[in-house]
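To start, the structure itself, in structure tokens.
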2 protein chains.
Amino acid sequence: MNILVTNDDGVNAPGITALATALRSLGRVAVVAPDREQSAIGHAITLHHPLRADQIADDVYAVSGTPTDCVNIAIHNLLDFKPDLVVSGINRGANMGDDVTYSGTVSAAMEATLMGIPAIAVSLATAGEGSNYDAAALFIRQLAQQVIKQGLPPDTFLNINVPDLPRGCLKQPIITRQGKKQYQGAIVDKIDPRGRQYYWIGSIDPTFEEIEGSDYVAVSRGHISITPLHLDLTNYASMDILRSWELSTQS
Amino acid sequence: MNILVTNDDGVNAPGITALATALRSLGRVAVVAPDREQSAIGHAITLHHPLRADQIADDVYAVSGTPTDCVNIAIHNLLDFKPDLVVSGINRGANMGDDVTYSGTVSAAMEATLMGIPAIAVSLATAGEGSNYDAAALFIRQLAQQVIKQGLPPDTFLNINVPDLPRGCLKQPIITRQGKKQYQGAIVDKIDPRGRQYYWIGSIDPTFEEIEGSDYVAVSRGHISITPLHLDLTNYASMDILRSWELSTQS
């Protein structure tokens with residue numbers, strides 16, 4: 001099995017090291033990841049300037065771009081194999097509910113899915129630096145084998161959130177739906193050393209609605225959360241309502 | 001009616017000027033947009049450095065960040081009103097199919113939706129600079145009135161793609177589903193003036209699958225496309241399949 005590993009915390013983050021180490025027992029693992037932290041970068045792709053890729057060890061590359069850039073450059077330029085699986089993570093901090101759309105970790109898995117490659121995004125639900133990356137990585141090793149064996153539904157990848165608990169304390173994995181964040185804005189508005197005003201967007205710990213069956217509820221109870229996400233954002237249920245609106249190109 | 005207008009092509013792009021001009025007949029319009037082009041930035045939010053907002057005219061601000069940053073700073077810091085509606089665009093180039101996840105234009109509407117504000121993203125389906133922003137803007141003025149009157153389904157916003165045609169040539173609006181892009185990678189791999197290798201991700205015109213009822217098919221036939229998008233990426237249909245997998249925290 002050939003596996004591409006990436007992340008958004010950067011190539012030297014503890015999560016990606018634990019993940020790559022665990023997956024190496026399954027086959028060849030290449031790590032192609034940003035050279036610095038790229039969290040909250042979403043599905044950004046770098047079109048307006050060139051990118052660098054430095055090989056820093058055997059099958060390990062640091063790229064001067066986003067996680068989405070990494071997946072593209074890895075597959076088109078750096079690797080001498082096409083991966084059977086792309087695994088993105090292990091992110092420091094959960095990616096649940098509406099936060100998945102901001103997440104570089106999740107977007108890398110989305111990009112692989114667009115390319116037709118099975119993909120998993122994995123995050124450690126921790127408010128701090130995280131202690132139990134190894135436990136999460138061992139679960140992902142098992143999940144990766146299942147993904148290769150069973151395949152994934154079309155245009156669908158798996159978004160995994162693992163509680164930051166020792167292996168013996170993790171409760172069984174649950175298939176979940178994407179939860180719902182309670183929006184909280186927090187922007188600092190200050191004056192810089194030269195007297196000019198600036199704004200700094202805060203990252204406060206999100207709070208979530210208590211939706212039964214959601215990623216958030218599963219993780220908050222100690223379970224590993226597995227959410228199948230797909231690329232189609234269409235709200236089909238609303239289409240008939242919209243068709244009743246009176247709209248014209250000429251009025 | 002109070003309206004916030006933003007985009008990802010930058011505050012001086014022709015699309016945002018046409019849009020703001022058309023919407024001013026409906027009420028007060030504030031423009032808060034990136035100070036430079038931020039296309040393909042996705043739902044990126046700037047957390048790691050401060051942001052500036054320069055007022056360049058009455059109710060017009062240029063922000064040194066992403067479209068998502070603009071929506072946040074506008075609502076939390078810059079505006080003395082809460083918008084009844086956020087309109088993002090008019091983007092130079094279509095945002096259809098899987099491209100919606102890369103789009104700063106679409107992500108700004110997504111961010112407003114997360115805040116509970118009705119939102120519309122609008123793009124001009126043009127391969128060049130675009131000629132018919134005014135025609136698209138007039139349609140959005142009409143649509144904005146409908147959105148305010150009827151409301152939108154929960155957690156849902158509208159993604160509009162308008163063919164680059166004169167007003168009299170536009171065909172009636174159609175409610176569509178998100179289409180499917182055919183993935184095409186194109187990365188330049190060259191040597192810089194100092195002899196170092198670099199990569200540059202190309203942006204080729206995407207091709208789409210001919211899915212009946214999709215955004216792409218509507219626009220390619222001259223219709224305005226209205227796609228309701230929502231924040232929930234869960235693939236509900238796949239959950240039962242995944243529940244049949246044998247997974248354990250301890251194996």
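Each chain of the structure tokens is named A, B, ... in the order shown, its residues numbered from 1; ligands are numbered from 1 in display order.
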
Neighbours of chain A in chain B at 7 Å, counting only C-alpha atoms, as a ChimeraX atom specification: /B:40-47,49-52,98,101-102,114-115,139,153,170-173,175,177-178,183,198-202,227-235,238-239,242-243,247-249

Which one is closest to Val32 (chain A): A:Gly222, A:Gly65, A:Pro14, A:Gly213? Count only C-alpha atoms. A:Gly65

List the spatial neighbours of Pro83 (chain B) as number ranges by chain - criterion: any atom at most 9 Å away, only C-alpha atoms, same-chain residues fewer than 2 positions off excluded. B: 1-4, 29-30, 75, 79, 81, 85-86, 117-118

What lies within 9 Å of Asp134 (chain A) using only C-alpha atoms, ignoring chain neighbours under 5 positions off, as a PDB file with N, CA, C and O atoms, in the first residue's frame?
ATOM      1  N   GLY A  15       1.760  15.544  15.426  1.00  0.00           N
ATOM      2  CA  GLY A  15       0.667  14.716  14.904  1.00  0.00           C
ATOM      3  C   GLY A  15       1.025  13.991  13.625  1.00  0.00           C
ATOM      4  O   GLY A  15       0.677  12.825  13.436  1.00  0.00           O
ATOM      5  N   ALA A  18       3.553  11.075  14.350  1.00  0.00           N
ATOM      6  CA  ALA A  18       2.897   9.889  14.909  1.00  0.00           C
ATOM      7  C   ALA A  18       2.124   9.140  13.833  1.00  0.00           C
ATOM      8  O   ALA A  18       2.157   7.901  13.758  1.00  0.00           O
ATOM      9  N   LEU A  19       1.448   9.917  12.963  1.00  0.00           N
ATOM     10  CA  LEU A  19       0.637   9.304  11.908  1.00  0.00           C
ATOM     11  C   LEU A  19       1.507   8.537  10.914  1.00  0.00           C
ATOM     12  O   LEU A  19       1.226   7.374  10.582  1.00  0.00           O
ATOM     13  N   THR A  21       4.498   7.370  11.308  1.00  0.00           N
ATOM     14  CA  THR A  21       5.134   6.224  11.964  1.00  0.00           C
ATOM     15  C   THR A  21       4.175   5.035  12.011  1.00  0.00           C
ATOM     16  O   THR A  21       4.541   3.895  11.683  1.00  0.00           O
ATOM     17  N   ALA A  22       2.931   5.291  12.408  1.00  0.00           N
ATOM     18  CA  ALA A  22       1.961   4.187  12.517  1.00  0.00           C
ATOM     19  C   ALA A  22       1.645   3.583  11.150  1.00  0.00           C
ATOM     20  O   ALA A  22       1.500   2.364  11.017  1.00  0.00           O
ATOM     21  N   PHE A 139      -5.444   3.939  15.688  1.00  0.00           N
ATOM     22  CA  PHE A 139      -6.806   3.749  15.165  1.00  0.00           C
ATOM     23  C   PHE A 139      -6.851   4.015  13.664  1.00  0.00           C
ATOM     24  O   PHE A 139      -7.505   3.300  12.895  1.00  0.00           O
ATOM     25  N   PRO A 166      -5.783   8.365  26.425  1.00  0.00           N
ATOM     26  CA  PRO A 166      -4.956   7.170  26.212  1.00  0.00           C
ATOM     27  C   PRO A 166      -5.777   6.069  25.558  1.00  0.00           C
ATOM     28  O   PRO A 166      -7.014   6.028  25.692  1.00  0.00           O
ATOM     29  N   ARG A 167      -5.086   5.186  24.852  1.00  0.00           N
ATOM     30  CA  ARG A 167      -5.765   4.181  24.020  1.00  0.00           C
ATOM     31  C   ARG A 167      -6.824   3.393  24.796  1.00  0.00           C
ATOM     32  O   ARG A 167      -7.925   3.171  24.307  1.00  0.00           O
TER      33      ARG A 167
END
